$ cat query.tsv   # TSV, C-alpha atoms and all ligand atoms
chain	number	residue	atom	x	y	z
A	1	MET	CA	35.54	18.80	9.71
A	2	ILE	CA	33.43	18.02	12.75
A	3	GLN	CA	33.25	14.56	14.28
A	4	ILE	CA	30.16	13.74	16.31
A	5	ASP	CA	29.92	11.10	19.03
A	6	ALA	CA	27.28	10.20	21.59
A	7	LEU	CA	28.05	10.23	25.30
A	8	PRO	CA	25.36	8.09	26.95
A	9	ALA	CA	23.73	9.54	30.07
A	10	PHE	CA	21.04	8.31	32.48
A	11	SER	CA	19.12	5.34	31.06
A	12	ASP	CA	18.41	6.49	27.50
A	13	ASN	CA	19.81	10.01	26.93
A	14	TYR	CA	22.61	10.91	24.54
A	15	ILE	CA	24.82	13.97	25.05
A	16	TRP	CA	26.11	14.84	21.57
A	17	LEU	CA	29.82	15.68	21.51
A	18	LEU	CA	30.94	17.77	18.52
A	19	GLN	CA	34.68	17.65	17.93
A	20	ASP	CA	36.74	20.11	15.89
A	21	THR	CA	39.66	17.72	15.53
A	22	ALA	CA	42.03	20.19	13.84
A	23	ASN	CA	41.82	22.65	16.74
A	24	ARG	CA	41.06	20.24	19.58
A	25	ARG	CA	37.95	22.14	20.56
A	26	CYS	CA	34.62	20.53	21.33
A	27	ALA	CA	31.01	21.38	22.12
A	28	VAL	CA	28.17	19.42	23.71
A	29	VAL	CA	24.42	19.44	23.20
A	30	ASP	CA	22.01	19.00	26.13
A	31	PRO	CA	24.39	17.82	28.88
A	32	GLY	CA	21.84	16.57	31.39
A	33	ASP	CA	24.73	15.15	33.40
A	34	ALA	CA	28.23	16.69	33.62
A	35	ALA	CA	29.96	13.42	34.56
A	36	PRO	CA	30.21	11.74	31.12
A	37	VAL	CA	31.52	14.98	29.58
A	38	LEU	CA	34.05	15.59	32.37
A	39	GLU	CA	35.18	11.99	32.02
A	40	TRP	CA	35.74	12.44	28.27
A	41	LEU	CA	37.63	15.70	28.88
A	42	GLY	CA	39.73	13.93	31.51
A	43	GLU	CA	40.69	11.32	28.92
A	44	HIS	CA	41.45	14.06	26.37
A	45	PRO	CA	43.45	16.61	28.40
A	46	ASP	CA	44.58	18.65	25.38
A	47	TRP	CA	40.97	19.34	24.32
A	48	THR	CA	38.86	22.37	25.34
A	49	LEU	CA	35.09	22.43	25.76
A	50	THR	CA	34.16	25.78	24.22
A	51	ASP	CA	30.37	25.66	23.80
A	52	ILE	CA	27.26	24.14	25.36
A	53	LEU	CA	24.06	24.08	23.29
A	54	VAL	CA	20.74	23.58	25.06
A	55	THR	CA	17.42	22.78	23.36
A	56	HIS	CA	14.99	23.09	26.29
A	57	HIS	CA	14.75	23.37	30.05
A	58	HIS	CA	14.06	19.78	31.16
A	59	HIS	CA	16.46	18.51	33.79
A	60	ASP	CA	17.77	15.62	31.69
A	61	HIS	CA	18.99	18.26	29.21
A	62	VAL	CA	20.36	21.01	31.49
A	63	GLY	CA	21.36	19.15	34.68
A	64	GLY	CA	25.08	19.26	33.89
A	65	VAL	CA	25.31	22.74	32.37
A	66	GLU	CA	26.42	24.72	35.41
A	67	ALA	CA	29.06	22.20	36.51
A	68	LEU	CA	30.51	22.06	32.99
A	69	LYS	CA	30.53	25.83	32.64
A	70	ALA	CA	32.27	26.17	36.02
A	71	ALA	CA	34.86	23.53	35.09
A	72	THR	CA	35.61	24.76	31.56
A	73	GLY	CA	34.30	28.31	31.04
A	74	ALA	CA	32.30	27.08	28.05
A	75	HIS	CA	29.77	29.48	26.52
A	76	VAL	CA	26.15	28.43	27.10
A	77	TYR	CA	23.49	28.89	24.40
A	78	GLY	CA	19.84	28.24	25.12
A	79	PRO	CA	16.29	29.21	24.26
A	80	ALA	CA	15.30	32.77	25.21
A	81	ASN	CA	11.85	31.76	26.40
A	82	GLU	CA	12.87	29.23	29.05
A	83	ARG	CA	14.89	29.29	32.26
A	84	ILE	CA	18.25	27.78	31.37
A	85	PRO	CA	20.94	27.62	34.09
A	86	GLY	CA	24.15	29.46	33.20
A	87	ARG	CA	22.83	30.70	29.86
A	88	ASP	CA	25.11	33.31	28.22
A	89	THR	CA	23.25	33.77	24.93
A	90	ALA	CA	19.45	33.65	24.69
A	91	LEU	CA	18.28	32.42	21.29
A	92	GLN	CA	15.13	33.11	19.30
A	93	ASP	CA	13.78	31.65	16.09
A	94	ASP	CA	16.04	32.27	13.09
A	95	ASP	CA	19.01	33.49	15.16
A	96	SER	CA	22.44	32.35	13.97
A	97	VAL	CA	25.23	31.05	16.18
A	98	ASN	CA	28.77	30.06	15.30
A	99	VAL	CA	29.98	26.91	17.01
A	100	LEU	CA	33.34	25.31	16.18
A	101	GLY	CA	33.43	27.30	12.96
A	102	LEU	CA	30.00	26.11	11.80
A	103	GLY	CA	27.10	28.52	11.43
A	104	PHE	CA	23.96	27.09	13.03
A	105	GLN	CA	20.45	28.39	12.46
A	106	VAL	CA	18.06	28.36	15.41
A	107	LEU	CA	14.59	26.93	14.83
A	108	ALA	CA	11.85	27.59	17.40
A	109	LEU	CA	9.87	24.37	17.85
A	110	PRO	CA	7.09	24.74	20.43
A	111	GLY	CA	5.26	21.56	21.46
A	112	HIS	CA	7.27	19.38	23.85
A	113	THR	CA	7.99	22.61	25.76
A	114	LEU	CA	6.93	26.09	24.68
A	115	GLY	CA	10.44	27.51	24.27
A	116	HIS	CA	12.06	24.44	22.69
A	117	ILE	CA	14.63	25.20	19.97
A	118	ALA	CA	16.75	23.17	17.56
A	119	TYR	CA	20.11	23.87	15.95
A	120	TYR	CA	20.55	23.30	12.23
A	121	THR	CA	23.53	23.74	9.94
A	122	ALA	CA	24.02	23.15	6.25
A	123	GLN	CA	27.69	24.18	6.48
A	124	SER	CA	29.03	20.65	6.85
A	125	PRO	CA	29.33	17.86	4.25
A	126	THR	CA	25.84	16.73	5.27
A	127	PRO	CA	23.40	19.07	7.01
A	128	LEU	CA	23.10	18.49	10.76
A	129	LEU	CA	20.09	18.90	13.06
A	130	PHE	CA	20.16	18.80	16.87
A	131	CYS	CA	16.49	18.66	17.78
A	132	GLY	CA	16.32	17.68	21.47
A	133	ASP	CA	12.98	16.09	22.35
A	134	THR	CA	10.96	17.38	19.38
A	135	LEU	CA	11.62	14.91	16.56
A	136	PHE	CA	12.75	11.44	17.65
A	137	ALA	CA	13.76	8.59	15.38
A	138	ALA	CA	10.37	7.22	14.26
A	139	GLY	CA	8.59	9.30	16.89
A	140	CYS	CA	8.24	12.65	18.61
A	141	GLY	CA	8.31	14.15	22.10
A	142	ARG	CA	5.32	14.23	24.39
A	143	LEU	CA	3.28	17.42	24.61
A	144	PHE	CA	4.16	18.73	28.06
A	145	GLU	CA	3.51	22.42	27.37
A	146	GLY	CA	2.41	23.03	23.78
A	147	THR	CA	-0.67	22.15	21.76
A	148	PRO	CA	-0.91	19.44	19.10
A	149	GLU	CA	-1.21	22.21	16.50
A	150	GLN	CA	2.09	23.74	17.64
A	151	MET	CA	3.91	20.39	17.66
A	152	HIS	CA	2.49	19.42	14.27
A	153	HIS	CA	3.73	22.70	12.82
A	154	SER	CA	7.16	22.25	14.46
A	155	LEU	CA	7.51	18.74	13.03
A	156	GLN	CA	6.43	19.89	9.58
A	157	ARG	CA	9.19	22.49	9.67
A	158	LEU	CA	11.73	19.77	10.38
A	159	ALA	CA	10.27	17.47	7.72
A	160	ALA	CA	10.90	20.22	5.16
A	161	LEU	CA	14.68	20.19	5.77
A	162	PRO	CA	16.85	18.44	3.15
A	163	ALA	CA	16.38	14.66	3.07
A	164	ALA	CA	20.08	14.07	3.77
A	165	THR	CA	19.98	16.06	7.04
A	166	GLN	CA	21.35	13.97	9.88
A	167	VAL	CA	18.99	13.97	12.84
A	168	TYR	CA	20.57	13.98	16.29
A	169	CYS	CA	17.83	13.70	18.88
A	170	THR	CA	18.39	13.18	22.60
A	171	HIS	CA	16.85	9.81	23.46
A	172	GLU	CA	17.22	6.16	22.45
A	173	TYR	CA	13.51	5.55	21.94
A	174	THR	CA	13.69	4.26	18.37
A	175	LEU	CA	12.67	0.65	18.89
A	176	SER	CA	9.56	1.39	20.94
A	177	ASN	CA	8.69	4.17	18.48
A	178	LEU	CA	8.92	1.67	15.62
A	179	ARG	CA	6.56	-0.70	17.43
A	180	PHE	CA	4.02	2.10	17.34
A	181	ALA	CA	4.88	2.94	13.71
A	182	ARG	CA	4.15	-0.70	12.85
A	183	ALA	CA	0.71	-0.43	14.46
A	184	VAL	CA	-0.04	2.74	12.45
A	185	GLU	CA	1.34	1.43	9.14
A	186	PRO	CA	1.25	-2.38	9.30
A	187	ASP	CA	1.73	-2.65	5.53
A	188	SER	CA	4.78	-0.38	5.31
A	189	GLU	CA	7.86	-2.16	4.00
A	190	HIS	CA	10.04	0.80	5.10
A	191	VAL	CA	8.83	0.52	8.69
A	192	ARG	CA	9.27	-3.27	8.66
A	193	GLN	CA	12.86	-2.98	7.40
A	194	ARG	CA	13.77	-0.29	9.87
A	195	PHE	CA	12.23	-2.25	12.73
A	196	GLU	CA	14.43	-5.24	11.84
A	197	GLU	CA	17.56	-3.08	11.54
A	198	VAL	CA	17.03	-1.31	14.84
A	199	THR	CA	16.12	-4.56	16.58
A	200	ARG	CA	19.53	-5.92	15.51
A	201	LEU	CA	21.36	-2.77	16.62
A	202	ARG	CA	19.72	-2.73	20.03
A	203	ALA	CA	20.29	-6.44	20.57
A	204	ASP	CA	24.01	-5.58	20.31
A	205	ASN	CA	23.47	-2.56	22.57
A	206	ARG	CA	24.39	-0.24	19.68
A	207	ILE	CA	23.03	3.23	19.06
A	208	SER	CA	20.20	3.69	16.54
A	209	LEU	CA	21.11	7.33	15.79
A	210	PRO	CA	21.59	9.57	13.92
A	211	SER	CA	18.59	9.26	11.68
A	212	THR	CA	17.98	11.32	8.54
A	213	ILE	CA	15.08	13.52	7.57
A	214	GLY	CA	14.56	11.33	4.50
A	215	LEU	CA	14.21	8.19	6.62
A	216	GLU	CA	11.90	9.98	9.04
A	217	ARG	CA	9.63	11.07	6.19
A	218	LEU	CA	9.30	7.39	5.21
A	219	THR	CA	8.91	5.77	8.63
A	220	ASN	CA	7.85	8.33	11.26
A	221	PRO	CA	4.03	8.26	11.59
A	222	PHE	CA	4.03	11.74	13.14
A	223	LEU	CA	5.43	13.17	9.89
A	224	ARG	CA	2.98	11.15	7.78
A	225	THR	CA	-0.33	12.72	8.73
A	226	ALA	CA	-1.04	13.46	5.04
A	227	GLU	CA	-1.12	9.74	4.19
A	228	THR	CA	-4.64	8.35	3.71
A	229	SER	CA	-3.85	5.10	5.54
A	230	VAL	CA	-2.41	7.01	8.51
A	231	LYS	CA	-5.49	9.23	8.68
A	232	GLN	CA	-7.70	6.11	8.59
A	233	LYS	CA	-5.88	4.63	11.60
A	234	ALA	CA	-6.14	7.94	13.45
A	235	ASP	CA	-9.86	8.10	12.61
A	236	GLU	CA	-10.36	4.54	13.93
A	237	TRP	CA	-8.57	5.40	17.16
A	238	LYS	CA	-10.66	8.55	17.66
A	239	GLY	CA	-13.95	7.11	16.37
A	240	LEU	CA	-14.42	10.10	14.07
A	241	SER	CA	-13.17	11.55	10.80
A	242	ASN	CA	-10.27	13.89	11.54
A	243	PRO	CA	-10.83	17.19	9.75
A	244	SER	CA	-7.14	18.21	9.45
A	245	GLN	CA	-3.57	16.95	9.53
A	246	ALA	CA	-3.17	18.62	12.92
A	247	THR	CA	-6.04	16.58	14.37
A	248	VAL	CA	-4.61	13.42	12.79
A	249	PHE	CA	-1.38	14.30	14.57
A	250	ALA	CA	-3.24	14.91	17.85
A	251	ALA	CA	-4.97	11.52	17.54
A	252	LEU	CA	-1.66	9.72	16.88
A	253	ARG	CA	0.01	11.48	19.82
A	254	SER	CA	-2.81	10.57	22.23
A	255	TRP	CA	-2.77	6.96	20.94
A	256	LYS	CA	1.01	6.73	21.43
A	257	ASP	CA	0.67	8.12	24.97
A	258	VAL	CA	-1.20	4.95	25.95
A	259	PHE	CA	0.39	2.50	23.49
B	301	ZN	ZN	12.34	16.99	27.42
B	302	FE	FE	14.49	14.53	27.41
$ encode --input "query.tsv" --output "C-alpha cells"
Amino acid sequence: MIQIDALPAFSDNYIWLLQDTANRRCAVVDPGDAAPVLEWLGEHPDWTLTDILVTHHHHDHVGGVEALKAATGAHVYGPANERIPGRDTALQDDDSVNVLGLGFQVLALPGHTLGHIAYYTAQSPTPLLFCGDTLFAAGCGRLFEGTPEQMHHSLQRLAALPAATQVYCTHEYTLSNLRFARAVEPDSEHVRQRFEEVTRLRADNRISLPSTIGLERLTNPFLRTAETSVKQKADEWKGLSNPSQATVFAALRSWKDVF
C-alpha cells in the first residue's frame, strides 16, 4: 500500500512523495528543490529515499535531483531523450520500472518538451499517473518544444487511461485553468461545479489535486476537442473552421496562452 503526499515547492509546484509505509521506503517525483524533501526525511529519520522519478528536464523539476542523490543514494529515473542530472536509468516509451514494489509503465508524451515522459501504474487499488507538465487539472502544459499535433496526441493517450486513474501533475494551476474552461464551455455544469469546488479549496489554501482521468474528460477543454461546442469556440477564436481535432487543440492552446 502506497501513500502519496504533496511536498509544496517554489510558488506552485508539488513534489509527489510516495511512501511504502510497511518498509519505510519512499520515492519522489520531480524534486525541483531538494530542501522540502530533505526536511521531510529529517523529520522521518527511519525512512529511506530509494527512488527519484523525473518527467522532463525543466529546472523546477530537476533542480533538487543531484543534492538528493548525493544525500541519500537514491536511484534516478528520467527520460532518455533529455539531459537529466544524475540520471541512472534512461527511459523510453513503454519501458517498465519497479518503484516501491509497484510496476510503472513509461509513456512518452512529447509536447511541453520533446522528451517528456509520464509514469503510470495499474498495480495499486486505483491506477496512478504522474504526468509532470503534460496534463494539468483542467488544463495542459505550454508547448515549449513540441508541436500542437504532438501534444494533442500525448493528451489523447492520457485521456484513454481508465477513468478512475488518479492524476498527479506538478503544478497548482487548477483554478486559473478552470477560468479558461469556463470561457470555452460556459454552459457546462461540470465545469461550473468544479470551479466552485476548487475556489473553496484554494480559499482555504488547500490542494486541488489529484484529479482523475474521468473528471478531466468532463472538464478539461484540451481533452474535449471532439465536442462541437468546443470546436465552435476554437473556430471563433481563430476566425476559421478548424479542419481537425489537432487544430482545435492548437487554437485552444494559443487562446489560453493569452487568456
Ligand atoms: Zn516544465
Ligand atoms: Fe513545471
$ closest_atom_pairs --input "query.tsv" --of "chain A" --to "ligand ZN 301 (chain B)" --cutoff "9 Å" --atoms "only C-alpha atoms and all ligand atoms" --output "JSON lines"
{"residue": "A:Thr55", "atom": "CA", "partner": "B:ZN301", "partner_atom": "ZN", "distance": 8.7}
{"residue": "A:His56", "atom": "CA", "partner": "B:ZN301", "partner_atom": "ZN", "distance": 6.7}
{"residue": "A:His57", "atom": "CA", "partner": "B:ZN301", "partner_atom": "ZN", "distance": 7.3}
{"residue": "A:His58", "atom": "CA", "partner": "B:ZN301", "partner_atom": "ZN", "distance": 5.0}
{"residue": "A:His59", "atom": "CA", "partner": "B:ZN301", "partner_atom": "ZN", "distance": 7.7}
{"residue": "A:Asp60", "atom": "CA", "partner": "B:ZN301", "partner_atom": "ZN", "distance": 7.0}
{"residue": "A:His61", "atom": "CA", "partner": "B:ZN301", "partner_atom": "ZN", "distance": 7.0}
{"residue": "A:His112", "atom": "CA", "partner": "B:ZN301", "partner_atom": "ZN", "distance": 6.6}
{"residue": "A:Thr113", "atom": "CA", "partner": "B:ZN301", "partner_atom": "ZN", "distance": 7.3}
{"residue": "A:His116", "atom": "CA", "partner": "B:ZN301", "partner_atom": "ZN", "distance": 8.8}
{"residue": "A:Gly132", "atom": "CA", "partner": "B:ZN301", "partner_atom": "ZN", "distance": 7.2}
{"residue": "A:Asp133", "atom": "CA", "partner": "B:ZN301", "partner_atom": "ZN", "distance": 5.2}
{"residue": "A:Thr134", "atom": "CA", "partner": "B:ZN301", "partner_atom": "ZN", "distance": 8.2}
{"residue": "A:Gly141", "atom": "CA", "partner": "B:ZN301", "partner_atom": "ZN", "distance": 7.3}
{"residue": "A:Arg142", "atom": "CA", "partner": "B:ZN301", "partner_atom": "ZN", "distance": 8.1}
{"residue": "A:Phe144", "atom": "CA", "partner": "B:ZN301", "partner_atom": "ZN", "distance": 8.4}
{"residue": "A:Thr170", "atom": "CA", "partner": "B:ZN301", "partner_atom": "ZN", "distance": 8.6}
$ closest_residue --input "query.tsv" --among "A:Pro125, A:Pro79, A:Pro243, A:Pro210" --to "A:Leu107" --atoms "all atoms listed in the file"
A:Pro79
$ residues_around --input "query.tsv" --residues "stretch 30-33 of chain A" --least-positions-apart "4" --cutoff "6 Å" --atoms "only C-alpha atoms" --output "PyMOL selection string"
chain A and resi 15+54+60-64
$ closest_residue --input "query.tsv" --among "A:Gln3, A:Asn13, A:Thr219, A:Thr212" --to "ligand FE 302 (chain B)" --atoms "all atoms listed in the file"
A:Asn13
$ residues_around --input "query.tsv" --residues "A:Leu102" --least-positions-apart "4" --cutoff "8 Å" --atoms "all atoms listed in the file" --output "list in words"
Asn98, Thr121, Gln123 and Ser124 of chain A
$ atom_distance --input "query.tsv" --atom1 "atom CA of A:Lys69" --atom2 "atom CA of A:Tyr173"
28.6 Å
$ residues_around --input "query.tsv" --residues "stretch 185-194 of chain A" --least-positions-apart "2" --cutoff "7 Å" --atoms "all atoms listed in the file" --output "PDB file with C-alpha atoms, in the frame of the given file"
ATOM      1  CA  ALA A 181       4.880   2.940  13.710  1.00  0.00           C
ATOM      2  CA  ARG A 182       4.150  -0.700  12.850  1.00  0.00           C
ATOM      3  CA  ALA A 183       0.710  -0.430  14.460  1.00  0.00           C
ATOM      4  CA  GLU A 196      14.430  -5.240  11.840  1.00  0.00           C
ATOM      5  CA  GLU A 197      17.560  -3.080  11.540  1.00  0.00           C
ATOM      6  CA  VAL A 198      17.030  -1.310  14.840  1.00  0.00           C
ATOM      7  CA  LEU A 218       9.300   7.390   5.210  1.00  0.00           C
ATOM      8  CA  THR A 219       8.910   5.770   8.630  1.00  0.00           C
ATOM      9  CA  VAL A 230      -2.410   7.010   8.510  1.00  0.00           C
TER      10      VAL A 230
END
$ atom_distance --input "query.tsv" --atom1 "atom CA of A:Tyr14" --atom2 "atom CA of A:Ala34"
12.1 Å
$ closest_residue --input "query.tsv" --among "A:Ala35, A:Leu135, A:Val65, A:Val106" --to "ligand FE 302 (chain B)" --atoms "all atoms listed in the file"
A:Leu135
$ atom_distance --input "query.tsv" --atom1 "atom CA of A:Ile4" --atom2 "atom CA of A:Phe104"
15.1 Å
$ closest_residue --input "query.tsv" --among "A:Ala70, A:Ala90, A:Leu143, A:Val97" --to "ligand FE 302 (chain B)" --atoms "all atoms listed in the file"
A:Leu143
$ residues_around --input "query.tsv" --residues "A:Pro162" --least-positions-apart "5" --cutoff "10 Å" --atoms "all atoms listed in the file" --output "compact mmCIF listing (two decimals) with C-alpha atoms, in the coordinates of the input"
# COMPACT_ATOMS: atom_id res chain seq x y z
CA ALA A 122 24.02 23.15 6.25
CA THR A 126 25.84 16.73 5.27
CA PRO A 127 23.40 19.07 7.01
CA LEU A 128 23.10 18.49 10.76
CA THR A 212 17.98 11.32 8.54
CA ILE A 213 15.08 13.52 7.57
CA GLY A 214 14.56 11.33 4.50
$ closest_residue --input "query.tsv" --among "A:Cys140, A:Leu18, A:Ala27, A:Ala250" --to "ligand FE 302 (chain B)" --atoms "all atoms listed in the file"
A:Cys140
$ residues_around --input "query.tsv" --residues "stretch 81-88 of chain A" --least-positions-apart "5" --cutoff "6 Å" --atoms "all atoms listed in the file" --output "PDB file with C-alpha atoms, in the coordinates of the input"
ATOM      1  CA  HIS A  57      14.750  23.370  30.050  1.00  0.00           C
ATOM      2  CA  GLU A  66      26.420  24.720  35.410  1.00  0.00           C
ATOM      3  CA  VAL A  76      26.150  28.430  27.100  1.00  0.00           C
ATOM      4  CA  GLY A 115      10.440  27.510  24.270  1.00  0.00           C
TER       5      GLY A 115
END
$ closest_residue --input "query.tsv" --among "A:Cys169, A:Leu158, A:Leu17, A:Ala234" --to "A:Ser211" --atoms "all atoms listed in the file"
A:Cys169
$ axis_aligned_box --input "query.tsv" --around "stretch 104-112 of chain A" --padding-each-side "3 Å" --output "AutoDock Vina command-line options"
--center_x 14.6 --center_y 23.9 --center_z 18.2 --size_x 24.7 --size_y 15.0 --size_z 17.4
$ decode --input "query.tsv" --residues "stretch 15-31 of chain A" --atoms "N, CA and C atoms" --output "compact mmCIF listing (two decimals), in the first residue's frame"
# COMPACT_ATOMS: atom_id res chain seq x y z
N ILE A 15 6.02 18.43 -5.21
CA ILE A 15 6.89 17.26 -5.32
C ILE A 15 6.10 16.11 -4.71
N TRP A 16 5.77 15.11 -5.53
CA TRP A 16 4.97 13.99 -5.01
C TRP A 16 5.86 13.03 -4.25
N LEU A 17 5.44 12.70 -3.02
CA LEU A 17 6.17 11.79 -2.14
C LEU A 17 5.39 10.50 -2.03
N LEU A 18 5.95 9.41 -2.54
CA LEU A 18 5.32 8.09 -2.49
C LEU A 18 5.91 7.33 -1.32
N GLN A 19 5.06 6.84 -0.43
CA GLN A 19 5.54 6.20 0.78
C GLN A 19 5.09 4.74 0.87
N ASP A 20 6.06 3.85 0.96
CA ASP A 20 5.82 2.43 1.21
C ASP A 20 5.92 2.27 2.73
N THR A 21 4.75 2.41 3.37
CA THR A 21 4.72 2.53 4.83
C THR A 21 5.26 1.27 5.52
N ALA A 22 4.94 0.09 4.94
CA ALA A 22 5.35 -1.17 5.57
C ALA A 22 6.87 -1.28 5.66
N ASN A 23 7.57 -0.75 4.65
CA ASN A 23 9.03 -0.91 4.61
C ASN A 23 9.79 0.39 4.86
N ARG A 24 9.04 1.45 5.14
CA ARG A 24 9.65 2.76 5.41
C ARG A 24 10.62 3.19 4.32
N ARG A 25 10.16 2.98 3.08
CA ARG A 25 10.91 3.45 1.92
C ARG A 25 10.04 4.47 1.20
N CYS A 26 10.68 5.43 0.55
CA CYS A 26 9.89 6.42 -0.18
C CYS A 26 10.57 6.79 -1.49
N ALA A 27 9.78 7.41 -2.35
CA ALA A 27 10.27 7.90 -3.64
C ALA A 27 9.67 9.28 -3.87
N VAL A 28 10.33 10.08 -4.69
CA VAL A 28 9.77 11.39 -5.04
C VAL A 28 9.73 11.54 -6.56
N VAL A 29 8.77 12.38 -6.99
CA VAL A 29 8.63 12.68 -8.41
C VAL A 29 8.95 14.17 -8.62
N ASP A 30 9.84 14.45 -9.55
CA ASP A 30 10.16 15.82 -9.97
C ASP A 30 10.56 16.74 -8.80
N PRO A 31 11.64 16.39 -8.09
CA PRO A 31 12.08 17.26 -6.99
C PRO A 31 12.85 18.47 -7.54
